[in-house]
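Structure file coords-v2.txt (compact mmCIF, C-alpha atoms and all ligand atoms) is printed below.
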# COMPACT_ATOMS: atom_id res chain seq x y z
CA MET A 74 -20.08 -16.33 2.19
CA ALA A 75 -19.54 -16.77 5.93
CA HIS A 76 -21.09 -14.03 8.02
CA LEU A 77 -21.47 -13.31 11.71
CA ASP A 78 -24.95 -12.88 13.08
CA GLN A 79 -26.14 -9.33 13.63
CA ALA A 80 -25.92 -9.43 17.44
CA ARG A 81 -22.28 -10.55 17.36
CA ARG A 82 -21.43 -7.94 14.74
CA ARG A 83 -22.94 -5.21 16.87
CA GLU A 84 -21.01 -6.43 19.88
CA LEU A 85 -17.72 -6.33 17.97
CA GLU A 86 -18.49 -2.95 16.41
CA GLU A 87 -19.22 -1.48 19.84
CA LYS A 88 -15.92 -2.76 21.18
CA VAL A 89 -13.95 -1.39 18.23
CA TYR A 90 -15.61 2.03 18.30
CA ALA A 91 -15.16 2.23 22.09
CA GLY A 92 -11.46 1.38 21.69
CA GLU A 93 -11.82 -1.76 23.84
CA ARG A 94 -9.27 -4.54 23.60
CA LEU A 95 -10.44 -7.55 21.55
CA THR A 96 -10.16 -11.11 22.85
CA ARG A 97 -8.92 -14.32 21.26
CA ALA A 98 -12.54 -15.34 20.56
CA ASP A 99 -13.17 -11.93 18.95
CA GLY A 100 -10.17 -12.44 16.67
CA GLU A 101 -11.29 -15.91 15.66
CA ASP A 102 -14.81 -14.67 14.94
CA LEU A 103 -13.48 -11.82 12.81
CA TYR A 104 -11.49 -14.34 10.75
CA ALA A 105 -14.64 -16.44 10.36
CA CYS A 106 -16.42 -13.52 8.70
CA ASP A 107 -16.06 -13.06 4.93
CA ASP A 108 -17.69 -9.64 4.80
CA LEU A 109 -14.59 -7.76 3.70
CA ALA A 110 -16.35 -4.41 3.46
CA TRP A 111 -17.39 -4.66 7.11
CA LEU A 112 -13.95 -5.82 8.28
CA GLY A 113 -12.35 -3.03 6.27
CA ARG A 114 -14.62 -0.42 7.81
CA LEU A 115 -13.68 -1.50 11.35
CA ALA A 116 -9.96 -1.72 10.56
CA HIS A 117 -10.01 1.60 8.73
CA HIS A 118 -11.58 3.21 11.78
CA ARG A 119 -8.73 1.93 14.01
CA ARG A 120 -6.13 2.89 11.45
CA THR A 121 -7.56 6.39 11.14
CA VAL A 122 -7.64 6.88 14.92
CA LEU A 123 -3.97 5.84 15.08
CA ASN A 124 -2.54 7.32 11.90
CA ALA A 125 -5.12 9.65 10.33
CA ASP A 126 -4.65 9.85 6.54
CA ARG A 127 -0.89 9.29 6.71
CA VAL A 128 0.93 6.49 4.89
CA MET A 129 4.54 6.08 5.86
CA PHE A 130 7.24 4.80 3.57
CA ASN A 131 11.00 4.71 3.56
CA VAL A 132 13.65 4.67 0.91
CA ASN A 133 15.72 1.61 1.55
CA ARG A 134 17.74 -1.16 0.01
CA HIS A 135 17.51 -4.83 0.88
CA LEU A 136 20.80 -6.68 1.09
CA ASN A 137 21.18 -10.44 1.54
CA LEU A 138 24.81 -11.10 2.35
CA THR A 139 24.64 -14.86 1.87
CA ASN A 140 22.06 -17.43 0.80
CA VAL A 141 24.07 -20.26 2.33
CA CYS A 142 22.13 -21.71 5.23
CA ARG A 143 22.55 -24.72 7.45
CA ALA A 144 18.75 -24.95 7.84
CA SER A 145 16.15 -26.10 5.33
CA CYS A 146 12.91 -24.45 6.39
CA ALA A 147 10.00 -25.97 4.48
CA TYR A 148 8.73 -22.67 3.05
CA CYS A 149 12.12 -21.30 1.95
CA SER A 150 13.52 -21.38 -1.56
CA PHE A 151 16.25 -18.84 -0.79
CA GLN A 152 18.55 -21.25 1.09
CA ARG A 153 21.48 -22.91 -0.63
CA LYS A 154 23.87 -25.47 0.74
CA PRO A 155 27.66 -24.96 0.63
CA GLY A 156 29.00 -25.94 -2.79
CA GLU A 157 25.73 -25.46 -4.69
CA LYS A 158 26.17 -23.62 -7.98
CA THR A 159 23.91 -20.75 -7.03
CA ALA A 160 25.23 -20.36 -3.48
CA TYR A 161 26.87 -17.00 -2.80
CA THR A 162 28.44 -15.09 0.05
CA MET A 163 29.40 -11.44 -0.35
CA ARG A 164 32.77 -10.17 0.60
CA VAL A 165 32.58 -7.06 2.75
CA GLU A 166 33.87 -4.89 -0.14
CA GLU A 167 31.21 -6.29 -2.47
CA ALA A 168 28.38 -5.49 -0.05
CA VAL A 169 29.73 -1.97 0.47
CA ALA A 170 29.90 -1.44 -3.31
CA LYS A 171 26.26 -2.55 -3.70
CA ALA A 172 25.15 -0.23 -0.93
CA LEU A 173 27.08 2.67 -2.45
CA GLU A 174 25.21 2.22 -5.76
CA MET A 175 22.21 3.73 -3.93
CA ARG A 176 23.95 6.83 -2.63
CA ASP A 177 22.36 9.14 -5.21
CA GLN A 178 18.85 8.05 -4.29
CA LYS A 179 19.42 9.19 -0.71
CA ILE A 180 18.40 5.91 0.90
CA THR A 181 17.90 6.09 4.65
CA GLU A 182 18.09 2.38 5.49
CA LEU A 183 19.82 -0.86 4.60
CA HIS A 184 17.72 -3.91 5.41
CA ILE A 185 19.98 -6.93 5.84
CA VAL A 186 18.92 -10.57 6.36
CA ASN A 187 20.86 -13.71 5.56
CA GLY A 188 21.06 -17.46 5.72
CA LEU A 189 22.61 -19.15 8.77
CA HIS A 190 26.00 -19.69 7.19
CA PRO A 191 27.65 -22.77 8.70
CA THR A 192 31.28 -21.61 8.49
CA LEU A 193 31.38 -17.80 8.29
CA PRO A 194 32.98 -16.56 11.51
CA TRP A 195 31.06 -14.31 13.86
CA ARG A 196 33.61 -11.50 13.30
CA TYR A 197 32.36 -11.14 9.70
CA TYR A 198 29.07 -9.60 10.86
CA PRO A 199 30.22 -6.69 13.07
CA ARG A 200 32.99 -6.01 10.57
CA MET A 201 30.41 -5.84 7.80
CA LEU A 202 28.28 -3.37 9.74
CA ARG A 203 31.28 -1.20 10.58
CA GLU A 204 32.35 -1.01 6.93
CA LEU A 205 28.81 -0.29 5.70
CA LYS A 206 28.38 2.42 8.31
CA ALA A 207 31.74 3.96 7.41
CA ALA A 208 30.74 4.03 3.72
CA LEU A 209 27.20 5.37 4.33
CA PRO A 210 27.22 7.09 7.73
CA GLU A 211 23.81 8.69 7.19
CA VAL A 212 22.11 5.34 6.49
CA SER A 213 20.46 3.29 9.27
CA LEU A 214 21.41 -0.36 9.47
CA LYS A 215 18.43 -2.60 10.15
CA ALA A 216 19.95 -6.03 10.20
CA PHE A 217 19.55 -9.66 11.27
CA THR A 218 16.53 -11.60 12.46
CA ALA A 219 16.30 -12.93 16.00
CA THR A 220 17.07 -16.32 14.42
CA GLU A 221 20.38 -14.98 13.16
CA VAL A 222 21.22 -13.48 16.54
CA HIS A 223 20.47 -16.87 18.14
CA TRP A 224 22.80 -18.42 15.52
CA PHE A 225 25.51 -15.87 16.38
CA GLU A 226 25.25 -17.02 20.02
CA LYS A 227 26.13 -20.53 18.87
CA ILE A 228 29.02 -19.64 16.58
CA SER A 229 30.56 -17.01 18.87
CA GLY A 230 30.04 -18.45 22.34
CA LEU A 231 28.81 -14.99 23.35
CA SER A 232 25.42 -14.20 24.86
CA ALA A 233 22.75 -12.32 22.91
CA ASP A 234 23.35 -9.44 25.32
CA GLU A 235 27.02 -9.22 24.32
CA ILE A 236 26.23 -9.78 20.65
CA LEU A 237 23.70 -6.96 20.51
CA ASP A 238 26.13 -4.64 22.32
CA GLU A 239 28.83 -5.38 19.78
CA LEU A 240 26.49 -5.06 16.79
CA MET A 241 25.14 -1.77 18.13
CA ASP A 242 28.65 -0.52 18.64
CA ALA A 243 29.30 -1.40 14.98
CA GLY A 244 26.28 0.65 13.88
CA LEU A 245 23.20 -1.56 14.23
CA GLU A 246 20.07 0.54 14.60
CA SER A 247 17.41 -2.17 14.65
CA LEU A 248 16.90 -5.88 14.27
CA THR A 249 14.61 -7.01 11.46
CA GLY A 250 11.28 -8.64 12.32
CA GLY A 251 11.82 -11.96 10.57
CA GLY A 252 12.20 -15.48 11.92
CA ALA A 253 8.78 -15.17 13.57
CA GLU A 254 6.86 -17.21 10.97
CA ILE A 255 4.06 -18.73 13.12
CA PHE A 256 4.89 -19.11 16.80
CA ASP A 257 2.41 -21.89 17.60
CA TRP A 258 4.42 -25.11 17.86
CA GLU A 259 1.78 -27.24 16.11
CA ILE A 260 2.55 -25.36 12.88
CA ARG A 261 6.07 -24.14 13.60
CA SER A 262 7.38 -27.67 14.10
CA GLN A 263 6.29 -28.50 10.53
CA ILE A 264 7.77 -25.50 8.73
CA VAL A 265 10.88 -24.33 10.58
CA ASP A 266 14.21 -26.17 10.54
CA HIS A 267 16.19 -24.39 13.23
CA ASP A 268 15.75 -24.16 16.97
CA THR A 269 14.82 -20.50 17.32
CA HIS A 270 11.28 -20.60 18.58
CA TRP A 271 9.00 -18.23 20.49
CA GLU A 272 11.10 -18.41 23.67
CA ASP A 273 14.31 -17.30 21.95
CA TRP A 274 12.67 -14.98 19.45
CA SER A 275 10.89 -13.10 22.26
CA ARG A 276 13.98 -13.19 24.52
CA ILE A 277 16.09 -11.51 21.83
CA HIS A 278 13.53 -8.83 20.94
CA ARG A 279 12.94 -8.16 24.66
CA LEU A 280 16.67 -7.63 25.05
CA ALA A 281 16.82 -5.36 21.99
CA HIS A 282 13.96 -3.26 23.36
CA ALA A 283 15.73 -2.97 26.74
CA LYS A 284 18.74 -1.56 24.87
CA GLY A 285 16.56 1.10 23.26
CA MET A 286 15.95 -0.49 19.87
CA ARG A 287 12.53 -0.27 18.28
CA THR A 288 11.98 -3.41 16.23
CA PRO A 289 9.47 -4.76 13.70
CA ALA A 290 7.62 -8.07 14.10
CA THR A 291 6.38 -10.29 11.29
CA MET A 292 4.06 -13.23 10.71
CA LEU A 293 4.20 -15.66 7.78
CA TYR A 294 0.63 -16.54 6.86
CA GLY A 295 -1.27 -18.32 4.12
CA HIS A 296 0.39 -21.76 4.22
CA ILE A 297 -0.68 -24.62 6.50
CA GLU A 298 -1.75 -22.52 9.49
CA GLN A 299 -5.35 -21.87 10.49
CA PRO A 300 -6.75 -18.44 11.43
CA ARG A 301 -6.54 -19.42 15.12
CA HIS A 302 -2.76 -19.72 14.76
CA ARG A 303 -2.62 -16.18 13.36
CA VAL A 304 -4.69 -14.92 16.28
CA ASP A 305 -2.41 -16.72 18.73
CA HIS A 306 0.67 -15.24 17.03
CA VAL A 307 -0.64 -11.69 17.25
CA LEU A 308 -1.75 -12.08 20.87
CA ARG A 309 1.71 -13.28 21.92
CA LEU A 310 3.16 -10.16 20.34
CA ARG A 311 0.52 -7.97 21.97
CA GLU A 312 1.42 -9.38 25.38
CA LEU A 313 5.13 -8.82 24.81
CA GLN A 314 4.41 -5.32 23.58
CA ASP A 315 2.48 -4.58 26.79
CA GLU A 316 5.68 -5.48 28.60
CA THR A 317 8.32 -3.71 26.48
CA GLY A 318 6.61 -1.20 24.18
CA GLY A 319 9.44 -1.77 21.70
CA PHE A 320 7.62 -3.01 18.60
CA VAL A 321 7.06 -0.24 16.14
CA VAL A 322 5.36 -2.10 13.30
CA PHE A 323 3.72 -5.42 12.51
CA ILE A 324 4.18 -6.96 9.06
CA PRO A 325 2.01 -9.86 7.88
CA LEU A 326 4.08 -11.61 5.19
CA ARG A 327 2.26 -13.73 2.65
CA TYR A 328 3.78 -17.17 2.12
CA GLN A 329 4.75 -17.47 -1.53
CA HIS A 330 5.12 -20.28 -4.00
CA ASP A 331 8.23 -20.14 -6.10
CA VAL A 332 7.67 -20.95 -9.75
CA VAL A 333 11.31 -21.67 -10.59
CA ASP A 334 12.32 -23.34 -7.35
CA SER A 335 13.03 -26.66 -9.03
CA ALA A 336 14.84 -25.17 -12.06
CA ASP A 337 18.07 -26.85 -10.94
CA GLY A 338 16.26 -30.05 -9.97
CA VAL A 339 16.20 -29.23 -6.25
CA VAL A 340 12.84 -28.45 -4.67
CA ARG A 341 13.57 -26.31 -1.63
CA ASN A 342 10.11 -24.90 -0.94
CA ARG A 343 8.53 -28.13 0.28
CA LEU A 344 5.26 -26.49 1.32
CA GLN A 345 4.29 -25.96 -2.31
CA ALA A 346 3.04 -29.49 -2.62
CA ARG A 347 0.88 -29.13 0.50
CA THR A 348 -0.76 -25.77 0.18
CA ARG A 349 -1.89 -22.91 -2.01
CA MET A 350 -1.14 -19.27 -1.38
CA ALA A 351 -3.50 -16.91 0.42
CA THR A 352 -5.86 -15.09 -1.94
CA PRO A 353 -5.81 -11.30 -2.07
CA ALA A 354 -9.09 -11.31 -0.11
CA GLU A 355 -7.47 -13.44 2.60
CA SER A 356 -4.57 -10.98 2.74
CA LEU A 357 -6.93 -8.04 3.21
CA LYS A 358 -8.71 -9.93 5.95
CA THR A 359 -5.39 -10.70 7.65
CA PHE A 360 -4.37 -7.04 7.55
CA ALA A 361 -7.75 -5.96 8.96
CA VAL A 362 -7.90 -8.48 11.81
CA SER A 363 -4.25 -7.84 12.71
CA ARG A 364 -4.94 -4.10 12.94
CA LEU A 365 -7.95 -4.70 15.15
CA LEU A 366 -6.25 -7.15 17.53
CA LEU A 367 -2.86 -5.51 17.80
CA ASP A 368 -4.03 -2.36 19.54
CA ASN A 369 -0.66 -1.45 21.05
CA VAL A 370 1.64 -1.50 18.00
CA PRO A 371 1.41 1.82 16.15
CA HIS A 372 1.98 0.74 12.56
CA LEU A 373 0.92 -2.02 10.18
CA LYS A 374 2.97 -2.58 7.06
CA CYS A 375 2.19 -4.01 3.65
CA PHE A 376 5.33 -5.29 1.96
CA TRP A 377 4.21 -4.43 -1.56
CA VAL A 378 6.65 -6.80 -3.27
CA MET A 379 4.56 -9.73 -2.02
CA HIS A 380 1.15 -8.33 -2.87
CA GLY A 381 1.40 -6.24 -6.01
CA LEU A 382 0.83 -2.52 -6.12
CA SER A 383 -2.95 -2.36 -6.56
CA LEU A 384 -3.58 -4.64 -3.61
CA SER A 385 -1.09 -2.63 -1.57
CA GLN A 386 -3.11 0.49 -2.31
CA LEU A 387 -6.30 -1.29 -1.26
CA SER A 388 -4.64 -2.55 1.93
CA LEU A 389 -4.45 1.09 3.06
CA TYR A 390 -8.23 0.82 3.62
CA TYR A 391 -7.75 -2.40 5.63
CA GLY A 392 -5.60 -1.10 8.46
CA VAL A 393 -2.25 -0.63 6.71
CA ASP A 394 -0.44 2.70 7.13
CA ASP A 395 3.10 1.80 6.04
CA LEU A 396 4.51 0.63 2.72
CA ASP A 397 7.99 -0.84 2.53
CA GLY A 398 9.89 0.87 0.76
CA SER A 399 12.04 1.34 -2.34
CA VAL A 400 13.53 -2.15 -1.73
CA VAL A 401 15.73 -2.34 -4.91
CA GLU A 402 16.60 -5.99 -4.65
CA TYR A 403 14.59 -8.58 -2.79
CA LYS A 404 16.00 -12.04 -3.16
CA ILE A 405 14.08 -13.94 -0.52
CA THR A 406 10.94 -14.46 -2.61
CA HIS A 407 11.12 -12.08 -5.50
CA ASP A 408 13.77 -13.67 -7.71
CA ALA A 409 11.41 -16.37 -8.76
CA ASP A 410 7.88 -15.31 -8.02
CA ARG A 411 7.10 -13.83 -11.46
CA TYR A 412 4.01 -12.03 -10.16
CA GLY A 413 4.76 -9.01 -12.28
CA THR A 414 5.54 -6.64 -9.42
CA PRO A 415 8.61 -4.48 -9.85
CA SER A 416 11.46 -5.11 -7.44
CA THR A 417 12.17 -1.44 -7.02
CA MET A 418 10.15 1.74 -6.54
CA THR A 419 11.71 5.19 -6.44
CA ARG A 420 10.71 7.85 -3.91
CA GLU A 421 8.60 9.51 -6.65
CA ASP A 422 6.87 6.20 -7.47
CA LEU A 423 5.96 5.71 -3.82
CA LEU A 424 4.64 9.24 -3.46
CA GLN A 425 2.40 8.75 -6.45
CA LEU A 426 1.24 5.29 -5.36
CA ILE A 427 0.16 6.64 -1.98
CA ARG A 428 -1.47 9.79 -3.35
CA ASP A 429 -3.33 7.82 -6.02
CA ALA A 430 -4.86 5.73 -3.23
CA GLY A 431 -6.11 8.90 -1.53
CA PHE A 432 -3.60 9.26 1.33
CA ARG A 433 -0.90 11.63 2.55
CA PRO A 434 2.65 10.29 2.07
CA VAL A 435 5.12 10.61 4.95
CA GLU A 436 8.72 9.56 4.51
CA ARG A 437 10.06 8.02 7.70
CA THR A 438 13.28 6.79 9.27
CA THR A 439 13.92 3.26 10.52
CA ARG A 440 12.64 4.40 13.94
CA TYR A 441 9.50 5.86 12.35
CA GLU A 442 10.56 9.44 12.87
CA VAL A 443 9.26 11.79 10.18
CA VAL A 444 11.77 12.74 7.48
CA ARG A 445 9.23 14.71 5.48
CA GLU A 446 5.47 15.01 5.41
CA TYR A 447 4.13 15.58 1.90
CA GLU A 448 0.89 17.07 0.68
CA PRO A 449 -1.80 14.54 -0.17
CA GLY A 450 -2.90 14.25 -3.78
CA PRO A 451 -6.16 15.77 -5.01
CA SER A 452 -9.30 14.03 -3.77
CA LEU A 453 -10.32 10.86 -5.54
CA ALA A 454 -13.39 12.65 -6.90
CA GLN A 455 -11.25 15.41 -8.47
CA ARG A 456 -8.93 12.83 -9.98
CA ARG A 457 -11.59 11.47 -12.24
CA ALA A 458 -10.84 14.30 -14.63
CA GLU A 459 -7.14 13.38 -14.86
CA PRO A 460 -5.41 10.61 -16.81
CA GLN A 461 -4.62 7.79 -14.35
CA ASP A 462 -1.77 5.34 -13.93
CA VAL A 463 -2.58 1.67 -13.84
CA TRP A 464 -0.65 -0.01 -11.03
CA SER A 465 0.10 -3.68 -11.59
S1 LIG B 501 14.12 -19.25 6.27
FE1 LIG B 501 16.14 -18.49 6.88
S2 LIG B 501 16.86 -20.02 8.35
FE2 LIG B 501 15.18 -20.99 7.22
S3 LIG B 501 16.20 -22.04 5.50
FE3 LIG B 501 15.61 -20.01 4.74
S4 LIG B 501 17.42 -18.76 5.02
FE4 LIG B 501 17.66 -20.58 6.32

Could you show the structure in this file as structure tokens?
Ligand code: SF4
Amino acid sequence: MAHLDQARRRELEEKVYAGERLTRADGEDLYACDDLAWLGRLAHHRRTVLNADRVMFNVNRHLNLTNVCRASCAYCSFQRKPGEKTAYTMRVEEAVAKALEMRDQKITELHIVNGLHPTLPWRYYPRMLRELKAALPEVSLKAFTATEVHWFEKISGLSADEILDELMDAGLESLTGGGAEIFDWEIRSQIVDHDTHWEDWSRIHRLAHAKGMRTPATMLYGHIEQPRHRVDHVLRLRELQDETGGFVVFIPLRYQHDVVDSADGVVRNRLQARTRMATPAESLKTFAVSRLLLDNVPHLKCFWVMHGLSLSQLSLYYGVDDLDGSVVEYKITHDADRYGTPSTMTREDLLQLIRDAGFRPVERTTRYEVVREYEPGPSLAQRRAEPQDVWS
């Protein structure tokens, strides 16, 4: 097991407990350390200072309007090309009907990301938002990655400034945090097949923040990148956050293999042959180091669909204070991953998951405003007397 020497550990501990900003070298050293208990203790300290015993969650639905995409990113098995048997594009009425199915569960957010459809006209997107908002006026629309907004610039001839204005007028509350992957060009050039890179991704989020949006940011880890690329990714975001203050949450997303990707004879996820997935221990380390480095973004999210429920509970002791969400349908990786996680969790399921881990559940809005703060469960010690659920 790789460890840091005692003097370096003490130095890092002192910085963390004093609330000092960590450097690039600090981040790389933390990744070089395999002592998960130690990393967890430091990250849990930061998480507790920022968020006490609260774990936020929201009740949302993911919606992917089309899987047709002109790009073929090396890690992506969601993309389909026009004419493929499993390609789909939702009509506006169809998307509205799907969203309405959730009305009874009182969802507060629709989370919408899509392929870069080569022929759908720009008008489709604001029209879609308008119709969804008209059908579910109380629901926040969190939609489109910066990559999609960059694509809209190309197909509409409008600037991102004009596009965001029109989307906001149609009901957009927030962009999604996707399209970030790994910003460092050495890795990005090998995995991404479109031309939205750090410069455009940051330009579009900067613009969104200037218009009053609070946006998430993501990082795709556990493929061909090295820990130093993760550190670089987080430090770019930290610098941008110093400038705008508009990021509300950071979400490390675990790269996933796709066990049925080649079922139709087409291998879309081309990274599978080159890499294995991050282990659960590596995921916990990534959560912990991200929490410690990213001192100016208030929340750290574990997207439980990618990690399983037990690991998601454990991640709450490694810096995480936010669990996404009720989800309902997650096509990007979940259709084919077969990891045994459910694709939906009700509000009650999430409350129990969080309480069973020893935390206080807080339902939030898309902007991280509190909808309702719940009582925590009984202490873990008291629970020993009760029958327990086993979370897969
Ligand atoms: S990651 Fe997004 S842009 Fe890249 S191929 Fe998949 S759907 Fe298209």

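Atom CA of A:His372 is positioned 17.4 Å from atom CA of A:Val304.
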
- line: One residue among A:Arg83, A:Arg94, A:Arg279, A:Arg341 is nearest to ligand LIG 501 (chain B) when using only C-alpha atoms and all ligand atoms, and that residue is A:Arg341

Contacts of stretch 256-263 of chain A at 9 Å or less, counting only C-alpha atoms, minus same-chain residues fewer than 5 places along, as a short mmCIF file (atom, residue, chain, number, x, y, z; two decimals) with C-alpha atoms, keeping the file's coordinate frame?
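As written to disk, selection38.cif reads:
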data_model
loop_
_atom_site.label_atom_id
_atom_site.label_comp_id
_atom_site.auth_asym_id
_atom_site.auth_seq_id
_atom_site.Cartn_x
_atom_site.Cartn_y
_atom_site.Cartn_z
CA CYS A 146 12.91 -24.45 6.39
CA ALA A 147 10.00 -25.97 4.48
CA HIS A 270 11.28 -20.60 18.58
CA TRP A 271 9.00 -18.23 20.49
CA MET A 292 4.06 -13.23 10.71
CA ILE A 297 -0.68 -24.62 6.50
CA GLU A 298 -1.75 -22.52 9.49
CA GLN A 299 -5.35 -21.87 10.49
CA HIS A 302 -2.76 -19.72 14.76
CA ARG A 303 -2.62 -16.18 13.36
CA ASP A 305 -2.41 -16.72 18.73
CA HIS A 306 0.67 -15.24 17.03
CA ARG A 309 1.71 -13.28 21.92
#

What residues of the protein or nucleic acid chains come within 6 Å of ligand LIG 501 (chain B) when you use all atoms listed in the file? Reply as a PDB file with C-alpha atoms, keeping the file's coordinate frame.
ATOM      1  CA  CYS A 142      22.130 -21.710   5.230  1.00  0.00           C
ATOM      2  CA  ALA A 144      18.750 -24.950   7.840  1.00  0.00           C
ATOM      3  CA  SER A 145      16.150 -26.100   5.330  1.00  0.00           C
ATOM      4  CA  CYS A 146      12.910 -24.450   6.390  1.00  0.00           C
ATOM      5  CA  CYS A 149      12.120 -21.300   1.950  1.00  0.00           C
ATOM      6  CA  PHE A 151      16.250 -18.840  -0.790  1.00  0.00           C
ATOM      7  CA  GLN A 152      18.550 -21.250   1.090  1.00  0.00           C
ATOM      8  CA  GLY A 188      21.060 -17.460   5.720  1.00  0.00           C
ATOM      9  CA  LEU A 189      22.610 -19.150   8.770  1.00  0.00           C
TER      10      LEU A 189
END

field: Minimum-distance residue to A:Val378, chosen among A:Thr438, A:Thr359, A:Thr417, A:Gln425 (using all atoms listed in the file)
entry: A:Thr417

task: Considering only C-alpha atoms, return as number ranges by chain whatever protein or nucleic-acid residues lie within 10 Å of A:Gly92, sequence-local ones (same chain, fewer than 5 positions apart) excluded.
output: A: 86-87, 119, 122, 365, 368

- request: Compare A:Thr220, A:Thr317, A:Ser363, A:Asn342 by their minimum atom-to-atom distance to A:Ile277, counting all atoms listed in the file, and give me the closest one.
  value: A:Thr220

query: Which polymer residues have any atom within 8 Å of an atom of A:Leu344, counting all atoms listed in the file, with same-chain residues fewer than 5 positions away left out, as a PyMOL selection string?
result: chain A and resi 147-148+264+296

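Interatomic distance, atom CA of A:Ala80 to atom CA of A:Leu387: 28.3 Å.
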
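Here atom CA of A:Asn369 is placed at a distance of 10.9 Å from atom CA of A:Val307.
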
message: So that I can check the surroundings of A:Ala208, please list as a ChimeraX atom specification every protein, DNA and RNA residue that reaches within 8 Å of it, counting only C-alpha atoms and ignoring chain neighbours fewer than 4 positions away.
response: /A:169,173,204

As a CSV table (one decimal) with C-alpha atoms, keeping the file's coordinate frame, please: the residues near A:Arg428 (cut-off 10 Å, all atoms listed in the file, same-chain neighbours under 3 positions excluded).
chain,number,residue,atom,x,y,z
A,128,VAL,CA,0.9,6.5,4.9
A,386,GLN,CA,-3.1,0.5,-2.3
A,422,ASP,CA,6.9,6.2,-7.5
A,423,LEU,CA,6.0,5.7,-3.8
A,424,LEU,CA,4.6,9.2,-3.5
A,425,GLN,CA,2.4,8.8,-6.4
A,431,GLY,CA,-6.1,8.9,-1.5
A,432,PHE,CA,-3.6,9.3,1.3
A,433,ARG,CA,-0.9,11.6,2.6
A,434,PRO,CA,2.6,10.3,2.1
A,447,TYR,CA,4.1,15.6,1.9
A,448,GLU,CA,0.9,17.1,0.7
A,449,PRO,CA,-1.8,14.5,-0.2
A,450,GLY,CA,-2.9,14.2,-3.8
A,451,PRO,CA,-6.2,15.8,-5.0
A,452,SER,CA,-9.3,14.0,-3.8
A,453,LEU,CA,-10.3,10.9,-5.5

Selection as JSON, numbers by chain: residues within 6 Å of (0.4, -17.5, 5.3), counting all atoms listed in the file: {"A": [293, 294, 295, 296, 327, 328]}

When you get a chance, write out all heavy atoms for stretch 436-440 of chain A, as a PDB file, in the frame of the given file.
ATOM      1  N   GLU A 436       7.478  10.340   4.509  1.00  0.00           N
ATOM      2  CA  GLU A 436       8.720   9.560   4.510  1.00  0.00           C
ATOM      3  C   GLU A 436       9.228   9.454   5.937  1.00  0.00           C
ATOM      4  O   GLU A 436       9.201  10.432   6.693  1.00  0.00           O
ATOM      5  CB  GLU A 436       9.778  10.227   3.608  1.00  0.00           C
ATOM      6  CG  GLU A 436      11.017   9.351   3.506  1.00  0.00           C
ATOM      7  CD  GLU A 436      12.057   9.865   2.523  1.00  0.00           C
ATOM      8  OE1 GLU A 436      11.729  10.737   1.688  1.00  0.00           O
ATOM      9  OE2 GLU A 436      13.201   9.386   2.615  1.00  0.00           O
ATOM     10  N   ARG A 437       9.670   8.262   6.309  1.00  0.00           N
ATOM     11  CA  ARG A 437      10.060   8.020   7.700  1.00  0.00           C
ATOM     12  C   ARG A 437      11.478   7.458   7.776  1.00  0.00           C
ATOM     13  O   ARG A 437      12.037   6.989   6.781  1.00  0.00           O
ATOM     14  CB  ARG A 437       9.093   7.028   8.335  1.00  0.00           C
ATOM     15  CG  ARG A 437       9.133   5.648   7.665  1.00  0.00           C
ATOM     16  CD  ARG A 437       8.462   4.596   8.497  1.00  0.00           C
ATOM     17  NE  ARG A 437       8.431   3.296   7.822  1.00  0.00           N
ATOM     18  CZ  ARG A 437       9.444   2.439   7.767  1.00  0.00           C
ATOM     19  NH1 ARG A 437      10.604   2.737   8.327  1.00  0.00           N
ATOM     20  NH2 ARG A 437       9.322   1.290   7.142  1.00  0.00           N
ATOM     21  N   THR A 438      12.002   7.466   9.007  1.00  0.00           N
ATOM     22  CA  THR A 438      13.280   6.790   9.270  1.00  0.00           C
ATOM     23  C   THR A 438      12.996   5.363   9.715  1.00  0.00           C
ATOM     24  O   THR A 438      11.842   4.963   9.874  1.00  0.00           O
ATOM     25  CB  THR A 438      14.043   7.489  10.402  1.00  0.00           C
ATOM     26  OG1 THR A 438      13.271   7.337  11.609  1.00  0.00           O
ATOM     27  CG2 THR A 438      14.267   8.960  10.114  1.00  0.00           C
ATOM     28  N   THR A 439      14.062   4.616   9.986  1.00  0.00           N
ATOM     29  CA  THR A 439      13.920   3.260  10.520  1.00  0.00           C
ATOM     30  C   THR A 439      13.164   3.258  11.843  1.00  0.00           C
ATOM     31  O   THR A 439      12.417   2.331  12.140  1.00  0.00           O
ATOM     32  CB  THR A 439      15.339   2.663  10.713  1.00  0.00           C
ATOM     33  OG1 THR A 439      15.968   2.631   9.430  1.00  0.00           O
ATOM     34  CG2 THR A 439      15.303   1.274  11.298  1.00  0.00           C
ATOM     35  N   ARG A 440      13.330   4.306  12.645  1.00  0.00           N
ATOM     36  CA  ARG A 440      12.640   4.400  13.940  1.00  0.00           C
ATOM     37  C   ARG A 440      11.276   5.063  13.831  1.00  0.00           C
ATOM     38  O   ARG A 440      10.674   5.427  14.821  1.00  0.00           O
ATOM     39  CB  ARG A 440      13.503   5.182  14.944  1.00  0.00           C
ATOM     40  CG  ARG A 440      14.785   4.468  15.324  1.00  0.00           C
ATOM     41  CD  ARG A 440      15.597   5.296  16.292  1.00  0.00           C
ATOM     42  NE  ARG A 440      15.000   5.360  17.615  1.00  0.00           N
ATOM     43  CZ  ARG A 440      15.236   4.488  18.589  1.00  0.00           C
ATOM     44  NH1 ARG A 440      16.068   3.470  18.383  1.00  0.00           N
ATOM     45  NH2 ARG A 440      14.655   4.609  19.763  1.00  0.00           N
TER      46      ARG A 440
END
